[in-house]
$ cat start02.txt   # compact mmCIF, C-alpha atoms
# COMPACT_ATOMS: atom_id res chain seq x y z
CA MET A 11 -36.61 14.43 -3.52
CA ALA A 12 -36.98 13.37 -7.16
CA HIS A 13 -33.83 12.57 -9.10
CA TYR A 14 -32.34 15.45 -11.04
CA ARG A 15 -32.09 14.55 -14.73
CA HIS A 16 -29.37 16.71 -16.23
CA ARG A 17 -29.40 17.61 -19.94
CA ALA A 18 -32.27 15.29 -20.74
CA PHE A 19 -32.30 14.44 -24.44
CA ASN A 20 -33.78 12.11 -26.99
CA THR A 21 -31.56 9.94 -29.18
CA ARG A 22 -33.37 11.14 -32.28
CA ASP A 23 -31.44 14.39 -31.76
CA THR A 24 -28.06 12.98 -30.73
CA TYR A 25 -27.93 10.23 -33.37
CA PRO A 26 -29.82 11.86 -36.27
CA GLU A 27 -28.32 9.34 -38.71
CA GLN A 28 -29.88 6.45 -36.78
CA SER A 29 -33.57 5.85 -36.34
CA LEU A 30 -33.91 5.98 -32.55
CA ASP A 31 -36.30 7.39 -29.95
CA ASN A 32 -34.88 7.09 -26.44
CA ASP A 33 -35.43 9.55 -23.64
CA LEU A 34 -32.01 9.69 -21.96
CA ALA A 35 -29.91 12.15 -19.99
CA TYR A 36 -26.28 13.14 -19.59
CA ALA A 37 -26.42 12.66 -15.85
CA VAL A 38 -28.85 11.66 -13.15
CA VAL A 39 -28.19 12.90 -9.65
CA SER A 40 -29.82 10.57 -7.18
CA ARG A 41 -30.52 11.57 -3.60
CA GLY A 42 -28.66 14.81 -4.23
CA ARG A 43 -25.27 13.12 -4.03
CA THR A 44 -24.45 10.48 -6.61
CA ILE A 45 -23.83 11.70 -10.16
CA HIS A 46 -24.52 8.81 -12.52
CA MET A 47 -23.31 9.70 -16.00
CA ARG A 48 -23.77 8.33 -19.48
CA GLY A 49 -20.63 7.04 -21.15
CA HIS A 50 -18.81 10.17 -22.23
CA CYS A 51 -18.17 10.40 -25.96
CA PRO A 52 -16.06 12.50 -28.34
CA GLN A 53 -19.08 14.62 -29.19
CA ASP A 54 -19.78 18.28 -28.77
CA LEU A 55 -22.05 18.62 -25.73
CA GLU A 56 -24.26 21.23 -27.35
CA THR A 57 -24.56 19.97 -30.92
CA SER A 58 -23.86 16.22 -30.45
CA VAL A 59 -21.55 16.43 -33.45
CA THR A 60 -18.60 14.02 -33.24
CA ILE A 61 -15.28 15.86 -33.27
CA ASP A 62 -13.50 15.85 -36.59
CA SER A 63 -10.58 13.63 -35.56
CA ALA A 64 -9.78 9.95 -35.57
CA ASP A 65 -6.89 10.54 -33.17
CA PRO A 66 -7.45 8.73 -29.85
CA VAL A 67 -5.67 11.54 -28.01
CA ALA A 68 -8.00 14.20 -29.42
CA GLN A 69 -11.05 12.02 -28.77
CA THR A 70 -9.99 11.38 -25.18
CA HIS A 71 -9.46 15.08 -24.52
CA LYS A 72 -13.03 15.73 -25.67
CA VAL A 73 -14.39 12.81 -23.62
CA MET A 74 -12.70 14.00 -20.44
CA GLN A 75 -13.61 17.65 -21.03
CA ASN A 76 -17.24 16.56 -21.38
CA MET A 77 -17.03 14.51 -18.19
CA ARG A 78 -15.57 17.43 -16.29
CA ALA A 79 -18.20 19.80 -17.68
CA ILE A 80 -21.07 17.50 -16.74
CA ILE A 81 -19.76 16.91 -13.22
CA GLU A 82 -19.35 20.64 -12.68
CA GLU A 83 -22.77 21.41 -14.16
CA CYS A 84 -24.20 18.95 -11.63
CA GLY A 85 -22.54 20.77 -8.75
CA GLY A 86 -19.55 18.48 -8.32
CA ARG A 87 -15.85 18.63 -9.03
CA MET A 88 -13.46 16.19 -10.72
CA GLU A 89 -12.08 15.29 -7.30
CA HIS A 90 -15.49 13.75 -6.52
CA LEU A 91 -14.98 11.15 -9.22
CA VAL A 92 -15.08 7.65 -7.73
CA LYS A 93 -15.18 5.29 -10.69
CA LEU A 94 -14.25 5.09 -14.36
CA VAL A 95 -14.82 2.38 -16.94
CA VAL A 96 -12.77 2.95 -20.08
CA TYR A 97 -13.96 1.35 -23.31
CA ILE A 98 -11.63 1.36 -26.32
CA THR A 99 -12.16 -0.30 -29.68
CA ASP A 100 -8.55 -1.40 -30.27
CA ALA A 101 -5.98 -2.44 -27.68
CA ARG A 102 -3.44 -0.17 -29.35
CA TYR A 103 -5.40 2.89 -28.22
CA ARG A 104 -4.75 2.05 -24.59
CA GLU A 105 -1.61 4.11 -24.13
CA PRO A 106 -2.73 7.31 -25.89
CA VAL A 107 -6.14 7.13 -24.20
CA TYR A 108 -4.79 6.48 -20.71
CA ARG A 109 -2.02 9.02 -21.00
CA THR A 110 -4.55 11.68 -21.97
CA MET A 111 -7.09 10.63 -19.36
CA GLY A 112 -4.34 10.78 -16.77
CA GLU A 113 -4.00 14.53 -17.22
CA TYR A 114 -7.59 15.04 -16.05
CA ILE A 115 -7.47 12.86 -12.95
CA LYS A 116 -4.18 14.04 -11.47
CA GLY A 117 -4.42 13.57 -7.73
CA VAL A 118 -7.98 12.20 -7.88
CA HIS A 119 -7.39 8.42 -7.80
CA PRO A 120 -10.73 7.01 -8.93
CA VAL A 121 -11.06 3.27 -9.41
CA CYS A 122 -10.84 2.28 -13.04
CA THR A 123 -11.66 -0.73 -15.20
CA GLY A 124 -10.28 -0.82 -18.73
CA LEU A 125 -11.80 -2.88 -21.53
CA VAL A 126 -11.39 -3.45 -25.25
CA VAL A 127 -14.81 -3.88 -26.84
CA SER A 128 -16.02 -4.70 -30.34
CA GLY A 129 -17.75 -1.40 -30.93
CA LEU A 130 -19.31 1.75 -29.54
CA ALA A 131 -22.38 3.68 -30.65
CA THR A 132 -20.83 4.82 -33.92
CA PRO A 133 -17.84 3.51 -35.90
CA GLU A 134 -16.06 6.87 -35.58
CA TRP A 135 -15.69 6.63 -31.81
CA LEU A 136 -12.50 5.00 -30.60
CA VAL A 137 -13.07 5.61 -26.90
CA GLU A 138 -15.92 6.07 -24.46
CA ILE A 139 -15.47 6.59 -20.74
CA ASP A 140 -18.14 5.91 -18.15
CA GLY A 141 -17.84 7.79 -14.87
CA THR A 142 -19.53 8.03 -11.52
CA ALA A 143 -18.99 10.84 -9.02
CA VAL A 144 -20.25 11.17 -5.48
CA ILE A 145 -20.45 14.51 -3.74
CA PRO A 146 -19.20 14.00 -0.17
CA ASP A 147 -21.60 14.69 2.68
CA ASP A 148 -19.86 17.75 4.02
CA ASP A 149 -19.55 19.37 0.63
CA GLY A 150 -21.58 22.52 -0.01
CA MET B 28 -16.35 13.41 4.88
CA ALA B 29 -13.94 13.07 1.97
CA HIS B 30 -13.90 9.80 0.08
CA TYR B 31 -11.41 7.25 1.28
CA ARG B 32 -9.05 6.30 -1.55
CA HIS B 33 -7.66 2.87 -0.76
CA ARG B 34 -4.27 1.76 -2.09
CA ALA B 35 -3.88 4.78 -4.31
CA PHE B 36 -1.40 4.08 -7.09
CA ASN B 37 -0.10 5.36 -10.39
CA THR B 38 -0.26 3.21 -13.50
CA ARG B 39 3.41 3.85 -14.19
CA ASP B 40 4.02 1.42 -11.32
CA THR B 41 1.35 -1.17 -12.06
CA TYR B 42 1.96 -1.33 -15.81
CA PRO B 43 5.72 -0.66 -16.04
CA GLU B 44 5.84 -2.09 -19.55
CA GLN B 45 3.34 0.52 -20.76
CA SER B 46 3.93 4.24 -20.84
CA LEU B 47 1.15 5.47 -18.57
CA ASP B 48 0.63 8.04 -15.82
CA ASN B 49 -2.76 7.67 -14.17
CA ASP B 50 -3.52 8.32 -10.52
CA LEU B 51 -5.90 5.51 -9.63
CA ALA B 52 -6.89 3.47 -6.59
CA TYR B 53 -7.91 -0.06 -5.73
CA ALA B 54 -11.06 1.12 -4.00
CA VAL B 55 -12.88 4.31 -3.20
CA VAL B 56 -15.20 4.30 -0.24
CA SER B 57 -17.83 6.97 -0.68
CA ARG B 58 -19.90 8.33 2.19
CA GLY B 59 -18.34 5.68 4.43
CA ARG B 60 -20.48 2.92 2.99
CA THR B 61 -20.12 2.08 -0.68
CA ILE B 62 -16.91 0.32 -1.70
CA HIS B 63 -16.30 1.03 -5.39
CA MET B 64 -13.51 -1.18 -6.67
CA ARG B 65 -11.33 -1.31 -9.74
CA GLY B 66 -11.76 -4.39 -11.89
CA HIS B 67 -9.88 -7.09 -10.02
CA CYS B 68 -7.04 -8.67 -11.95
CA PRO B 69 -4.79 -11.73 -11.68
CA GLN B 70 -2.01 -9.59 -10.27
CA ASP B 71 -0.22 -9.66 -6.96
CA LEU B 72 -1.65 -6.84 -4.87
CA GLU B 73 1.73 -5.78 -3.51
CA THR B 74 3.97 -6.11 -6.56
CA SER B 75 1.43 -5.77 -9.43
CA VAL B 76 3.10 -8.76 -11.05
CA THR B 77 0.72 -10.93 -13.06
CA ILE B 78 0.57 -14.47 -11.73
CA ASP B 79 2.55 -16.99 -13.69
CA SER B 80 -0.39 -18.95 -15.08
CA ALA B 81 -2.56 -18.87 -18.16
CA ASP B 82 -5.10 -21.11 -16.45
CA PRO B 83 -8.46 -19.34 -16.06
CA VAL B 84 -9.03 -21.20 -12.78
CA ALA B 85 -5.78 -19.97 -11.27
CA GLN B 86 -6.38 -16.45 -12.56
CA THR B 87 -9.90 -16.39 -11.10
CA HIS B 88 -8.67 -17.56 -7.70
CA LYS B 89 -6.23 -14.65 -7.65
CA VAL B 90 -8.89 -12.20 -8.84
CA MET B 91 -11.35 -13.25 -6.14
CA GLN B 92 -8.69 -13.37 -3.43
CA ASN B 93 -7.76 -9.81 -4.35
CA MET B 94 -11.40 -8.73 -4.25
CA ARG B 95 -11.87 -10.29 -0.84
CA ALA B 96 -8.67 -8.70 0.46
CA ILE B 97 -9.64 -5.25 -0.78
CA ILE B 98 -13.15 -5.45 0.67
CA GLU B 99 -11.77 -6.54 4.03
CA GLU B 100 -9.06 -3.89 3.99
CA CYS B 101 -11.86 -1.34 3.46
CA GLY B 102 -13.73 -2.60 6.50
CA GLY B 103 -16.25 -4.78 4.71
CA ARG B 104 -16.85 -8.47 4.26
CA MET B 105 -17.60 -10.59 1.19
CA GLU B 106 -21.22 -10.81 2.31
CA HIS B 107 -21.48 -7.06 1.65
CA LEU B 108 -20.87 -7.63 -2.04
CA VAL B 109 -23.82 -6.37 -4.08
CA LYS B 110 -22.71 -6.48 -7.70
CA LEU B 111 -20.23 -8.24 -9.97
CA VAL B 112 -19.42 -7.73 -13.63
CA VAL B 113 -17.34 -10.57 -15.04
CA TYR B 114 -15.24 -9.90 -18.13
CA ILE B 115 -13.64 -12.84 -19.93
CA THR B 116 -11.69 -12.82 -23.19
CA ASP B 117 -13.01 -16.10 -24.57
CA ALA B 118 -16.45 -17.63 -24.10
CA ARG B 119 -14.82 -20.95 -23.29
CA TYR B 120 -13.46 -19.53 -20.04
CA ARG B 121 -16.97 -19.03 -18.73
CA GLU B 122 -17.32 -22.34 -16.93
CA PRO B 123 -13.89 -22.46 -15.23
CA VAL B 124 -14.16 -18.79 -14.24
CA TYR B 125 -17.70 -19.03 -12.89
CA ARG B 126 -17.08 -22.30 -11.10
CA THR B 127 -14.11 -20.76 -9.33
CA MET B 128 -15.84 -17.47 -8.58
CA GLY B 129 -18.73 -19.44 -7.13
CA GLU B 130 -16.54 -20.74 -4.32
CA TYR B 131 -15.98 -17.19 -3.05
CA ILE B 132 -19.59 -16.01 -3.11
CA LYS B 133 -21.25 -19.02 -1.47
CA GLY B 134 -24.35 -17.74 0.27
CA VAL B 135 -23.73 -14.12 -0.75
CA HIS B 136 -25.94 -13.79 -3.87
CA PRO B 137 -24.69 -10.61 -5.50
CA VAL B 138 -26.14 -9.57 -8.82
CA CYS B 139 -23.88 -10.47 -11.71
CA THR B 140 -23.47 -9.54 -15.38
CA GLY B 141 -21.20 -11.72 -17.51
CA LEU B 142 -19.56 -10.53 -20.72
CA VAL B 143 -17.08 -11.71 -23.31
CA VAL B 144 -14.89 -8.80 -24.39
CA SER B 145 -12.16 -8.34 -26.99
CA GLY B 146 -9.41 -7.63 -24.51
CA LEU B 147 -8.33 -6.53 -21.06
CA ALA B 148 -5.41 -4.36 -19.96
CA THR B 149 -2.78 -6.91 -20.93
CA PRO B 150 -2.91 -9.91 -23.28
CA GLU B 151 -2.03 -12.27 -20.41
CA TRP B 152 -5.22 -11.62 -18.48
CA LEU B 153 -8.11 -13.94 -19.29
CA VAL B 154 -10.50 -12.62 -16.68
CA GLU B 155 -11.23 -9.42 -14.79
CA ILE B 156 -14.03 -9.04 -12.28
CA ASP B 157 -15.53 -5.73 -11.26
CA GLY B 158 -17.23 -5.60 -7.90
CA THR B 159 -19.17 -3.22 -5.69
CA ALA B 160 -19.84 -3.74 -2.00
CA VAL B 161 -22.04 -1.74 0.33
CA ILE B 162 -21.60 -1.87 4.08
CA PRO B 163 -25.10 -2.03 5.61
CA ASP B 164 -26.16 0.79 7.88
CA ASP B 165 -26.24 -1.20 11.09
CA ASP B 166 -22.84 -2.74 10.51
CA GLY B 167 -20.01 -1.74 12.78
CA MET C 14 -30.38 -3.21 7.84
CA ALA C 15 -29.09 -6.15 5.82
CA HIS C 16 -29.29 -5.97 2.04
CA TYR C 17 -32.40 -7.45 0.51
CA ARG C 18 -31.45 -10.15 -2.00
CA HIS C 19 -34.33 -10.49 -4.44
CA ARG C 20 -34.99 -13.75 -6.27
CA ALA C 21 -31.81 -15.38 -5.05
CA PHE C 22 -30.83 -18.25 -7.33
CA ASN C 23 -28.01 -20.60 -8.21
CA THR C 24 -26.62 -20.74 -11.74
CA ARG C 25 -26.97 -24.50 -11.78
CA ASP C 26 -30.71 -23.82 -12.19
CA THR C 27 -30.56 -20.89 -14.60
CA TYR C 28 -27.90 -22.36 -16.90
CA PRO C 29 -28.64 -26.11 -16.66
CA GLU C 30 -26.66 -26.76 -19.85
CA GLN C 31 -23.51 -25.33 -18.24
CA SER C 32 -21.72 -26.75 -15.23
CA LEU C 33 -21.93 -23.85 -12.80
CA ASP C 34 -22.57 -23.25 -9.10
CA ASN C 35 -22.93 -19.56 -8.30
CA ASP C 36 -25.21 -18.09 -5.66
CA LEU C 37 -26.55 -14.99 -7.37
CA ALA C 38 -29.69 -12.82 -7.28
CA TYR C 39 -31.85 -10.83 -9.66
CA ALA C 40 -31.53 -7.72 -7.55
CA VAL C 41 -29.89 -6.53 -4.37
CA VAL C 42 -31.47 -3.58 -2.59
CA SER C 43 -28.83 -1.83 -0.52
CA ARG C 44 -29.70 0.54 2.31
CA GLY C 45 -33.35 0.25 1.31
CA ARG C 46 -32.92 2.52 -1.66
CA THR C 47 -30.59 1.42 -4.44
CA ILE C 48 -31.77 -1.46 -6.61
CA HIS C 49 -28.70 -3.11 -8.14
CA MET C 50 -29.79 -5.56 -10.82
CA ARG C 51 -28.19 -8.35 -12.76
CA GLY C 52 -27.94 -7.81 -16.50
CA HIS C 53 -31.45 -8.47 -17.75
CA CYS C 54 -31.70 -11.26 -20.30
CA PRO C 55 -34.26 -12.60 -22.77
CA GLN C 56 -35.19 -15.35 -20.35
CA ASP C 57 -38.42 -16.21 -18.64
CA LEU C 58 -38.13 -14.97 -15.06
CA GLU C 59 -39.78 -18.05 -13.57
CA THR C 60 -38.31 -20.85 -15.69
CA SER C 61 -35.04 -19.25 -16.89
CA VAL C 62 -35.87 -20.56 -20.36
CA THR C 63 -34.60 -18.31 -23.17
CA ILE C 64 -37.45 -17.03 -25.31
CA ASP C 65 -37.87 -18.81 -28.61
CA SER C 66 -36.82 -15.96 -30.87
CA ALA C 67 -33.62 -14.71 -32.43
CA ASP C 68 -35.26 -11.38 -33.19
CA PRO C 69 -33.54 -8.53 -31.34
CA VAL C 70 -36.88 -6.72 -30.99
CA ALA C 71 -38.52 -9.69 -29.29
CA GLN C 72 -35.49 -10.25 -27.09
CA THR C 73 -35.40 -6.60 -26.04
CA HIS C 74 -39.10 -6.62 -25.15
CA LYS C 75 -38.46 -9.57 -22.83
CA VAL C 76 -35.36 -7.93 -21.35
CA MET C 77 -37.19 -4.70 -20.58
CA GLN C 78 -40.28 -6.49 -19.28
CA ASN C 79 -38.02 -8.41 -16.90
CA MET C 80 -36.32 -5.21 -15.77
CA ARG C 81 -39.65 -3.55 -15.12
CA ALA C 82 -40.92 -6.60 -13.24
CA ILE C 83 -37.84 -6.79 -11.04
CA ILE C 84 -37.89 -3.07 -10.22
CA GLU C 85 -41.56 -3.26 -9.29
CA GLU C 86 -41.07 -6.44 -7.25
CA CYS C 87 -38.40 -4.53 -5.31
CA GLY C 88 -40.80 -1.71 -4.54
CA GLY C 89 -39.68 0.70 -7.23
CA ARG C 90 -41.04 2.00 -10.51
CA MET C 91 -39.46 2.42 -13.95
CA GLU C 92 -39.25 6.15 -13.32
CA HIS C 93 -36.68 5.39 -10.59
CA LEU C 94 -34.28 4.01 -13.18
CA VAL C 95 -31.03 5.99 -13.14
CA LYS C 96 -28.62 4.04 -15.33
CA LEU C 97 -28.59 1.54 -18.19
CA VAL C 98 -25.71 -0.26 -19.87
CA VAL C 99 -26.79 -1.92 -23.10
CA TYR C 100 -24.72 -4.84 -24.41
CA ILE C 101 -25.38 -6.11 -27.93
CA THR C 102 -23.47 -8.77 -29.85
CA ASP C 103 -23.63 -7.13 -33.27
CA ALA C 104 -23.63 -3.42 -34.10
CA ARG C 105 -26.55 -4.00 -36.45
CA TYR C 106 -28.81 -4.79 -33.51
CA ARG C 107 -28.42 -1.27 -32.19
CA GLU C 108 -31.42 0.28 -33.88
CA PRO C 109 -33.98 -2.48 -33.18
CA VAL C 110 -32.75 -2.82 -29.59
CA TYR C 111 -32.75 0.90 -28.85
CA ARG C 112 -36.06 1.51 -30.55
CA THR C 113 -37.67 -1.19 -28.44
CA MET C 114 -35.96 -0.13 -25.24
CA GLY C 115 -37.14 3.40 -25.88
CA GLU C 116 -40.76 2.34 -25.46
CA TYR C 117 -40.09 1.34 -21.85
CA ILE C 118 -38.24 4.45 -20.75
CA LYS C 119 -40.54 7.11 -22.22
CA GLY C 120 -40.18 10.17 -20.03
CA VAL C 121 -37.69 8.51 -17.65
CA HIS C 122 -34.34 9.73 -19.04
CA PRO C 123 -31.82 7.41 -17.40
CA VAL C 124 -28.17 7.70 -18.34
CA CYS C 125 -27.14 5.05 -20.83
CA THR C 126 -23.92 3.52 -22.15
CA GLY C 127 -24.14 1.34 -25.26
CA LEU C 128 -21.55 -1.28 -26.17
CA VAL C 129 -20.97 -4.00 -28.74
CA VAL C 130 -19.35 -6.99 -27.05
CA SER C 131 -17.99 -10.32 -28.29
CA GLY C 132 -20.49 -12.43 -26.44
CA LEU C 133 -22.99 -12.83 -23.63
CA ALA C 134 -23.71 -15.78 -21.35
CA THR C 135 -25.16 -17.94 -24.13
CA PRO C 136 -24.84 -17.70 -27.92
CA GLU C 137 -28.61 -17.29 -28.29
CA TRP C 138 -28.70 -13.95 -26.51
CA LEU C 139 -28.30 -10.91 -28.74
CA VAL C 140 -28.86 -8.31 -26.05
CA GLU C 141 -28.44 -7.88 -22.32
CA ILE C 142 -29.28 -4.69 -20.44
CA ASP C 143 -27.86 -3.79 -17.05
CA GLY C 144 -29.88 -1.37 -14.97
CA THR C 145 -29.71 0.48 -11.68
CA ALA C 146 -32.64 2.16 -9.99
CA VAL C 147 -32.71 4.37 -6.93
CA ILE C 148 -35.87 4.93 -4.94
CA PRO C 149 -36.00 8.63 -4.04
CA ASP C 150 -35.97 9.59 -0.38
CA ASP C 151 -39.51 10.91 -0.24
CA ASP C 152 -40.99 7.92 -2.01
CA GLY C 153 -43.25 5.63 -0.04
$ encode --input "start02.txt" --output "structure tokens"
Amino acid sequence: MAHYRHRAFNTRDTYPEQSLDNDLAYAVVSRGRTIHMRGHCPQDLETSVTIDSADPVAQTHKVMQNMRAIIEECGGRMEHLVKLVVYITDARYREPVYRTMGEYIKGVHPVCTGLVVSGLATPEWLVEIDGTAVIPDDDG
Amino acid sequence: MAHYRHRAFNTRDTYPEQSLDNDLAYAVVSRGRTIHMRGHCPQDLETSVTIDSADPVAQTHKVMQNMRAIIEECGGRMEHLVKLVVYITDARYREPVYRTMGEYIKGVHPVCTGLVVSGLATPEWLVEIDGTAVIPDDDG
Amino acid sequence: MAHYRHRAFNTRDTYPEQSLDNDLAYAVVSRGRTIHMRGHCPQDLETSVTIDSADPVAQTHKVMQNMRAIIEECGGRMEHLVKLVVYITDARYREPVYRTMGEYIKGVHPVCTGLVVSGLATPEWLVEIDGTAVIPDDDG
């Protein structure tokens, strides 16, 4: 079974202001079970436009809504989430980002690694969250 | 088979000085085989108290002891370790951290990516190490 | 089946200028299918010598050539790539790095997370790319 490449795109469309040409995807489902996902960003999934807010709470809501949408589009559910890596660009965003993220993973208990990094793909993004989900064997 | 969530916790308990509410876990074992782990930290596993040392050697010992404990609690062994990502907050910690980590992975040969980042979850932590282990198919 | 540890090495050989002793590998193939890889670096695979160029394009070519070589040595192909994490040390390297990387993943569409970090293993490296490949079930 070939891997399922979900929402395949090229970076010339998602980063029109940058001069790029990368064939990427929002998710790759390998062996029908593991949902590998790109770092989720505060962008509209359809238009790739960054949301009009520099508030880490608003950005995190969009990030987690995108993650949930992608997992569900790939046939999974948030409760299948196994791992998160949270990247923020300033340590002071930690509390608003984590508090907001917490609303989306109530009762799920993924593992999580949290890092402060020097930058993300664009200066406007304050947070990016990488996620991996695995659909359990007995799950339809 | 549902994923096994090992040492599920809420961040209000592990980071009492921060105002957080995230349902997380120390490890998630998916499909009975892959042990996804949170970034291991220089914290006591039972109390979540950071060790009383700003020495990168001491912190790395605690980090690797925690990793080993979690893998064993999940039914694996250090030799099942497949991947490490080492995060340090200053490039000068690289040698003490790697030298110490090396003692715990003698003969194991995981893959490893090493990064200097701007910060971890608390200013006291100098090192965090993310690990993934996979229990081989023929292993009891 | 035990994990296959590909190109096992010790850091005393790959970083002779640093005082390290870590048993690592270029790739670990777990359960015969998932190729976990170390962050790929602008180093010669045989000699571990960093290429003689501070050009992010040249460094990225070497990084991606190493990734492709390792995947193929492990029995896979670039089209089995599922995930990339791109680490650069300056946001201004993003376009040259991504443009170059794009040449190697034409038509593949892995997921990708891109980060600016404070540093990599040596000051000379401007880019490191972490990759994971999964050999599909029906693939010889």
$ residues_around --input "start02.txt" --residues "region 34-38 of chain A" --least-positions-apart "3" --cutoff "7 Å" --atoms "all atoms listed in the file" --output "PDB file with C-alpha atoms, in the frame of the given file"
ATOM      1  CA  HIS A  13     -33.830  12.570  -9.100  1.00  0.00           C
ATOM      2  CA  TYR A  14     -32.340  15.450 -11.040  1.00  0.00           C
ATOM      3  CA  ARG A  15     -32.090  14.550 -14.730  1.00  0.00           C
ATOM      4  CA  HIS A  16     -29.370  16.710 -16.230  1.00  0.00           C
ATOM      5  CA  ARG A  17     -29.400  17.610 -19.940  1.00  0.00           C
ATOM      6  CA  ALA A  18     -32.270  15.290 -20.740  1.00  0.00           C
ATOM      7  CA  PHE A  19     -32.300  14.440 -24.440  1.00  0.00           C
ATOM      8  CA  ASN A  20     -33.780  12.110 -26.990  1.00  0.00           C
ATOM      9  CA  ILE A  45     -23.830  11.700 -10.160  1.00  0.00           C
ATOM     10  CA  HIS A  46     -24.520   8.810 -12.520  1.00  0.00           C
ATOM     11  CA  MET A  47     -23.310   9.700 -16.000  1.00  0.00           C
ATOM     12  CA  ARG A  48     -23.770   8.330 -19.480  1.00  0.00           C
TER      13      ARG A  48
ATOM     14  CA  VAL C  95     -31.030   5.990 -13.140  1.00  0.00           C
ATOM     15  CA  HIS C 122     -34.340   9.730 -19.040  1.00  0.00           C
ATOM     16  CA  PRO C 123     -31.820   7.410 -17.400  1.00  0.00           C
ATOM     17  CA  VAL C 124     -28.170   7.700 -18.340  1.00  0.00           C
ATOM     18  CA  CYS C 125     -27.140   5.050 -20.830  1.00  0.00           C
TER      19      CYS C 125
END
$ closest_residue --input "start02.txt" --among "A:Thr142, A:Ser128, A:Thr60, A:Thr21" --to "chain C" --atoms "only C-alpha atoms"
A:Ser128
$ closest_residue --input "start02.txt" --among "B:Gly129, B:Pro69, B:Gly59, B:Gly146" --to "Val161 (chain B)" --atoms "all atoms listed in the file"
B:Gly59
$ atom_distance --input "start02.txt" --atom1 "CA of Lys93 (chain A)" --atom2 "CA of Arg104 (chain B)"
20.4 Å
$ interface_residues --input "start02.txt" --of "chain B" --to "chain C" --cutoff "12 Å" --atoms "all atoms listed in the file" --output "PDB file with C-alpha atoms, keeping the file's coordinate frame"
ATOM      1  CA  ARG B  60     -20.480   2.920   2.990  1.00  0.00           C
ATOM      2  CA  THR B  61     -20.120   2.080  -0.680  1.00  0.00           C
ATOM      3  CA  GLU B 106     -21.220 -10.810   2.310  1.00  0.00           C
ATOM      4  CA  HIS B 107     -21.480  -7.060   1.650  1.00  0.00           C
ATOM      5  CA  LEU B 108     -20.870  -7.630  -2.040  1.00  0.00           C
ATOM      6  CA  VAL B 109     -23.820  -6.370  -4.080  1.00  0.00           C
ATOM      7  CA  LYS B 110     -22.710  -6.480  -7.700  1.00  0.00           C
ATOM      8  CA  LEU B 111     -20.230  -8.240  -9.970  1.00  0.00           C
ATOM      9  CA  VAL B 112     -19.420  -7.730 -13.630  1.00  0.00           C
ATOM     10  CA  VAL B 113     -17.340 -10.570 -15.040  1.00  0.00           C
ATOM     11  CA  TYR B 114     -15.240  -9.900 -18.130  1.00  0.00           C
ATOM     12  CA  ILE B 115     -13.640 -12.840 -19.930  1.00  0.00           C
ATOM     13  CA  THR B 116     -11.690 -12.820 -23.190  1.00  0.00           C
ATOM     14  CA  ASP B 117     -13.010 -16.100 -24.570  1.00  0.00           C
ATOM     15  CA  ALA B 118     -16.450 -17.630 -24.100  1.00  0.00           C
ATOM     16  CA  ARG B 119     -14.820 -20.950 -23.290  1.00  0.00           C
ATOM     17  CA  TYR B 120     -13.460 -19.530 -20.040  1.00  0.00           C
ATOM     18  CA  ARG B 121     -16.970 -19.030 -18.730  1.00  0.00           C
ATOM     19  CA  GLU B 122     -17.320 -22.340 -16.930  1.00  0.00           C
ATOM     20  CA  PRO B 123     -13.890 -22.460 -15.230  1.00  0.00           C
ATOM     21  CA  VAL B 124     -14.160 -18.790 -14.240  1.00  0.00           C
ATOM     22  CA  TYR B 125     -17.700 -19.030 -12.890  1.00  0.00           C
ATOM     23  CA  ARG B 126     -17.080 -22.300 -11.100  1.00  0.00           C
ATOM     24  CA  THR B 127     -14.110 -20.760  -9.330  1.00  0.00           C
ATOM     25  CA  MET B 128     -15.840 -17.470  -8.580  1.00  0.00           C
ATOM     26  CA  GLY B 129     -18.730 -19.440  -7.130  1.00  0.00           C
ATOM     27  CA  GLU B 130     -16.540 -20.740  -4.320  1.00  0.00           C
ATOM     28  CA  TYR B 131     -15.980 -17.190  -3.050  1.00  0.00           C
ATOM     29  CA  ILE B 132     -19.590 -16.010  -3.110  1.00  0.00           C
ATOM     30  CA  LYS B 133     -21.250 -19.020  -1.470  1.00  0.00           C
ATOM     31  CA  GLY B 134     -24.350 -17.740   0.270  1.00  0.00           C
ATOM     32  CA  VAL B 135     -23.730 -14.120  -0.750  1.00  0.00           C
ATOM     33  CA  HIS B 136     -25.940 -13.790  -3.870  1.00  0.00           C
ATOM     34  CA  PRO B 137     -24.690 -10.610  -5.500  1.00  0.00           C
ATOM     35  CA  VAL B 138     -26.140  -9.570  -8.820  1.00  0.00           C
ATOM     36  CA  CYS B 139     -23.880 -10.470 -11.710  1.00  0.00           C
ATOM     37  CA  THR B 140     -23.470  -9.540 -15.380  1.00  0.00           C
ATOM     38  CA  GLY B 141     -21.200 -11.720 -17.510  1.00  0.00           C
ATOM     39  CA  LEU B 142     -19.560 -10.530 -20.720  1.00  0.00           C
ATOM     40  CA  VAL B 143     -17.080 -11.710 -23.310  1.00  0.00           C
ATOM     41  CA  VAL B 144     -14.890  -8.800 -24.390  1.00  0.00           C
ATOM     42  CA  SER B 145     -12.160  -8.340 -26.990  1.00  0.00           C
ATOM     43  CA  GLY B 146      -9.410  -7.630 -24.510  1.00  0.00           C
ATOM     44  CA  GLY B 158     -17.230  -5.600  -7.900  1.00  0.00           C
ATOM     45  CA  THR B 159     -19.170  -3.220  -5.690  1.00  0.00           C
ATOM     46  CA  ALA B 160     -19.840  -3.740  -2.000  1.00  0.00           C
ATOM     47  CA  VAL B 161     -22.040  -1.740   0.330  1.00  0.00           C
ATOM     48  CA  ILE B 162     -21.600  -1.870   4.080  1.00  0.00           C
ATOM     49  CA  PRO B 163     -25.100  -2.030   5.610  1.00  0.00           C
ATOM     50  CA  ASP B 164     -26.160   0.790   7.880  1.00  0.00           C
ATOM     51  CA  ASP B 165     -26.240  -1.200  11.090  1.00  0.00           C
ATOM     52  CA  ASP B 166     -22.840  -2.740  10.510  1.00  0.00           C
ATOM     53  CA  GLY B 167     -20.010  -1.740  12.780  1.00  0.00           C
TER      54      GLY B 167
END
